[in-house]
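Asks: Shown below is the structure under consideration.
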Amino acid sequence: MAEVEGVINGTYDYTQLQGDTGPLVYPAGFVYIFMGLYYVTGHGTDIRMAQHIFAVLYLATLLLVFLIYHQTCKVPPFVFFFMCCASYRVHSIFVLRLFNDPVAMALLFLSINLLLAQRWGWGCCCFSLAVSVKMNVLLFAPGLLFLLLTQFGLRGALPKLGICAVLQVLLGLPFLLENPIGYLSRSFDLGRQFLFRWTVNWRFLPETLFLHRAFHLALLATHLTLLLLFVLCRWHRTGESILSLLKDPSKRKVPPQPLTANHIVSTLFTSNFIGICFSRSLHYQFYVWYFHTLPYLLWATPARWLTHLLRLLVLGLIELSWNTYPSTSCSSAALHVCHAVILLQLWLGPQPFPKSIQHSKKAH
């Protein structure tokens with residue numbers, strides 16, 4: 001509220017906007033949404049009203065997630081009980097802490113529903129809106145780019161990418177006109193330093209290593225390498241060169257096939273999960289970045305060695321890790337072990353690609 005109050009008072013220089021928790025480091029969409037909350041909640045004083053709004057947002061998020069899962073038909077119904085009722089941390093993030101992370105994720109899930117409905121333009125628009133609230137949504141961007149190229153080729157994907165870019169410019173225009181460098185450096189600061197005291201995932205490391213630039217670069221290199229491996233070996237399975245994605249779909253050797261719900265969801269959720277696994281730091285509110293995607297990641301690819309009970313155990317250990325405050329070496333290590341199990345299953349399990357593509361491969 002203190003951060004957006006500066007904008008209401010006429011300050012559009014991002015370097016001058018700050019609150020009790022520090023400088024404003026979120027894009028313009030955050031400012032507009034929380035400016036609305038500022039007025040609805042009596043200048044930020046009616047906390048109960050804000051909690052009611054976030055409770056509605058929580059229910060809307062669940063509805064959007066259920067619509068996605070309904071179209072994939074991969075996760076058994078009993079798992080949704082744990083998604084709705086078993087996470088103290090997620091409930092806290094929504095209706096006690098009132099963070100912007102849930103707002104960004106609600107817009108992201110709306111975007112995915114639009115993509116599943118083949119509304120690619122509107123889906124990209126909502127995706128850009130989600131990024132404008134918090135840039136963690138960019139972790140889904142590699143998957144979205146792959147899907148756009150698969151569906152449309154480079155020439156067809158450019159207008160959709162243009163929607164994302166133009167919307168960012170329009171939302172940030174008042175701040176870009178005042179101080180463009182200040183806005184971009186604050187709201188999209190990829191090199192921002194995180195405090196060791198809040199880390200959930202790297203508590204077992206010495207603080208000096210946690211803060212070291214070489215460690216950050218190593219994580220980034222691993223992140224990009226694993227993404228590339230998934231693109232080449234898991235997502236792109238038509239038998240053609242990866243460069244064929246740049247061609248118009250009608251000119252490819254393998255006839256283009258419509259993307260299935262599982263193809264879209266698996267690619268987006270995996271892209272985000274890889275980014276989370278190699279994040280420089282995860283804070284407690286970041287749990288909502290992937291909480292609602294975990295059941296799909298665990299159940300979408302059948303693996304005999306991973307029974308229902310073991311999958312639930314992984315979910316439980318992840319929840320326990322995020323509920324341990326302050327984090328410990330054991331809780332951080334347990335979180336990484338669970339992430340490794342999910343990554344291993346995603347790599348080894350059968351990819352939910354359309355059967356028509358598989359038939360085309362055999363015919364080719």
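By order of appearance in the structure tokens: chains A, B, ..., then residues from 1 within every chain, and ligands from 1 in the order shown.
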Can you pull out every residue within 7 Å of Val95 of chain A, counting only C-alpha atoms, but drop anything in the same chain fewer than 2 positions away, and send it as a ChimeraX atom specification?

Replies: /A:51,54-55,91-93,97-98

Asks: Extract, using only C-alpha atoms, all DNA, RNA and protein residues at most 8 Å from Met135 of chain A, discarding same-chain residues fewer than 2 positions from it, and format them as a PyMOL selection string.

Replies: chain A and resi 26-27+130-133+137-138+188

Asks: Any chance you could export the current selection's N, CA, C and O atoms as a CSV table (one decimal), in the first residue's frame?

Replies:
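What ended up in again_25.csv:
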chain,number,residue,atom,x,y,z
A,26,TYR,N,8.3,-4.5,-8.5
A,26,TYR,CA,7.3,-5.3,-9.3
A,26,TYR,C,6.9,-4.4,-10.5
A,26,TYR,O,6.9,-3.2,-10.4
A,27,PRO,N,6.5,-5.0,-11.6
A,27,PRO,CA,6.1,-4.3,-12.8
A,27,PRO,C,4.8,-3.5,-12.6
A,27,PRO,O,4.2,-3.6,-11.5
A,130,ALA,N,-0.1,-11.4,-16.4
A,130,ALA,CA,0.5,-12.1,-15.2
A,130,ALA,C,2.0,-11.7,-15.0
A,130,ALA,O,2.4,-11.4,-13.9
A,131,VAL,N,2.7,-11.5,-16.1
A,131,VAL,CA,4.1,-11.1,-16.0
A,131,VAL,C,4.2,-9.7,-15.4
A,131,VAL,O,5.1,-9.3,-14.6
A,132,SER,N,3.2,-8.8,-15.7
A,132,SER,CA,3.2,-7.5,-15.3
A,132,SER,C,2.9,-7.4,-13.8
A,132,SER,O,3.1,-6.3,-13.2
A,133,VAL,N,2.4,-8.4,-13.2
A,133,VAL,CA,2.2,-8.4,-11.7
A,133,VAL,C,3.4,-8.9,-11.0
A,133,VAL,O,3.8,-8.4,-9.9
A,137,VAL,N,6.5,-15.3,-13.5
A,137,VAL,CA,5.7,-16.0,-14.6
A,137,VAL,C,6.6,-16.3,-15.8
A,137,VAL,O,6.3,-17.1,-16.6
A,138,LEU,N,7.7,-15.5,-15.9
A,138,LEU,CA,8.6,-15.7,-17.0
A,138,LEU,C,9.2,-17.1,-17.0
A,138,LEU,O,9.7,-17.6,-18.1
A,188,PHE,N,12.2,-5.3,-13.6
A,188,PHE,CA,12.7,-6.6,-14.2
A,188,PHE,C,14.1,-6.8,-13.9
A,188,PHE,O,15.0,-7.0,-14.7

Asks: If you count only C-alpha atoms, which residues fall within 10 Å of Ala334 of chain A, apart from same-chain ones fewer than 5 positions away, as a list in words?

Replies: Asn201, Val314, Leu317, Ile318, Leu320, Ser321, Thr328, Ser329, His339 and Ala340 of chain A

Asks: I need the alpha helix (DSSP H) residues of segment 115-217 of chain A per DSSP on the backbone, written as a VMD selection string.

Replies: chain A and resid 115 to 116 120 to 133 141 to 178 180 to 187 207 to 210 213 to 217

Asks: Keeping only C-alpha atoms, write the selected residues to a file as a CSV table (one decimal), in the first residue's frame.

Replies:
chain,number,residue,atom,x,y,z
A,115,LEU,CA,-4.5,-21.6,-24.6
A,116,LEU,CA,-6.3,-24.9,-24.0
A,120,TRP,CA,-3.8,-18.1,-28.4
A,121,GLY,CA,-4.0,-14.3,-28.7
A,122,TRP,CA,-6.0,-13.8,-25.6
A,123,GLY,CA,-3.9,-16.4,-23.8
A,124,CYS,CA,-0.7,-14.4,-24.6
A,125,CYS,CA,-2.5,-11.3,-23.4
A,126,CYS,CA,-3.3,-12.8,-20.0
A,127,PHE,CA,0.2,-14.3,-19.8
A,128,SER,CA,1.6,-10.8,-20.3
A,129,LEU,CA,-0.8,-9.4,-17.6
A,130,ALA,CA,0.5,-12.1,-15.2
A,131,VAL,CA,4.1,-11.1,-16.0
A,132,SER,CA,3.2,-7.5,-15.3
A,133,VAL,CA,2.2,-8.4,-11.7
A,141,ALA,CA,8.0,-18.4,-21.0
A,142,PRO,CA,10.3,-21.1,-22.6
A,143,GLY,CA,7.5,-23.5,-22.7
A,144,LEU,CA,5.1,-21.0,-24.1
A,145,LEU,CA,7.6,-20.0,-26.8
A,146,PHE,CA,8.1,-23.7,-27.8
A,147,LEU,CA,4.3,-24.2,-28.0
A,148,LEU,CA,3.9,-21.0,-30.2
A,149,LEU,CA,6.6,-22.2,-32.5
A,150,THR,CA,5.2,-25.7,-32.7
A,151,GLN,CA,1.7,-24.4,-33.5
A,152,PHE,CA,2.5,-21.4,-35.7
A,153,GLY,CA,6.1,-21.4,-36.8
A,154,LEU,CA,8.3,-18.3,-36.4
A,155,ARG,CA,6.2,-16.0,-38.6
A,156,GLY,CA,3.0,-17.0,-37.0
A,157,ALA,CA,4.4,-16.8,-33.5
A,158,LEU,CA,5.7,-13.2,-33.9
A,159,PRO,CA,2.3,-11.5,-33.7
A,160,LYS,CA,1.5,-13.4,-30.5
A,161,LEU,CA,4.8,-12.4,-29.0
A,162,GLY,CA,4.1,-8.9,-30.1
A,163,ILE,CA,0.9,-8.9,-28.0
A,164,CYS,CA,3.0,-9.7,-24.9
A,165,ALA,CA,5.5,-7.0,-25.7
A,166,VAL,CA,3.0,-4.3,-26.6
A,167,LEU,CA,1.0,-4.9,-23.4
A,168,GLN,CA,4.1,-4.5,-21.3
A,169,VAL,CA,4.9,-1.2,-22.9
A,170,LEU,CA,1.3,0.1,-22.6
A,171,LEU,CA,1.1,-0.8,-18.9
A,172,GLY,CA,4.5,0.6,-18.1
A,173,LEU,CA,4.1,3.7,-20.3
A,174,PRO,CA,3.6,6.3,-17.5
A,175,PHE,CA,6.8,5.1,-15.7
A,176,LEU,CA,8.7,4.6,-18.9
A,177,LEU,CA,8.1,8.2,-19.9
A,178,GLU,CA,9.3,9.4,-16.5
A,180,PRO,CA,12.7,4.2,-18.5
A,181,ILE,CA,16.0,2.9,-17.1
A,182,GLY,CA,14.7,3.2,-13.5
A,183,TYR,CA,11.5,1.3,-14.4
A,184,LEU,CA,13.2,-1.5,-16.3
A,185,SER,CA,16.0,-1.9,-13.8
A,186,ARG,CA,13.6,-2.1,-10.8
A,187,SER,CA,10.7,-4.0,-12.1
A,207,GLU,CA,26.0,-17.9,3.3
A,208,THR,CA,29.2,-16.8,1.4
A,209,LEU,CA,28.5,-19.5,-1.3
A,210,PHE,CA,24.8,-18.6,-1.4
A,213,ARG,CA,28.1,-14.7,-8.2
A,214,ALA,CA,29.7,-17.9,-9.5
A,215,PHE,CA,27.0,-19.9,-7.7
A,216,HIS,CA,24.3,-17.9,-9.4
A,217,LEU,CA,25.9,-18.3,-12.8

Asks: Which residues come within 7 Å of segment 223-234 of chain A, counting only C-alpha atoms, excluding same-chain residues fewer than 5 positions away, as a list in words?

Replies: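 The residues satisfying every condition are Ile242, Ile274, Gly275, Phe278 and Gln351 of chain A.
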
Asks: Can you spit out the residues from that selection as a compact mmCIF listing (two decimals), in the first residue's frame, using N, CA and C atoms?

Replies:
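Final output, saved to out-v7.txt:
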# COMPACT_ATOMS: atom_id res chain seq x y z
N ILE A 242 15.27 -29.53 -34.77
CA ILE A 242 14.61 -28.53 -33.94
C ILE A 242 14.38 -27.24 -34.73
N ILE A 274 11.36 -26.61 -13.83
CA ILE A 274 12.82 -26.59 -14.00
C ILE A 274 13.40 -25.29 -13.48
N GLY A 275 12.74 -24.18 -13.76
CA GLY A 275 13.21 -22.89 -13.26
C GLY A 275 13.20 -22.81 -11.75
N PHE A 278 16.13 -24.65 -9.94
CA PHE A 278 17.44 -24.02 -9.98
C PHE A 278 17.38 -22.52 -9.70
N GLN A 351 6.20 -39.13 -22.38
CA GLN A 351 5.69 -37.78 -22.54
C GLN A 351 4.28 -37.82 -23.11
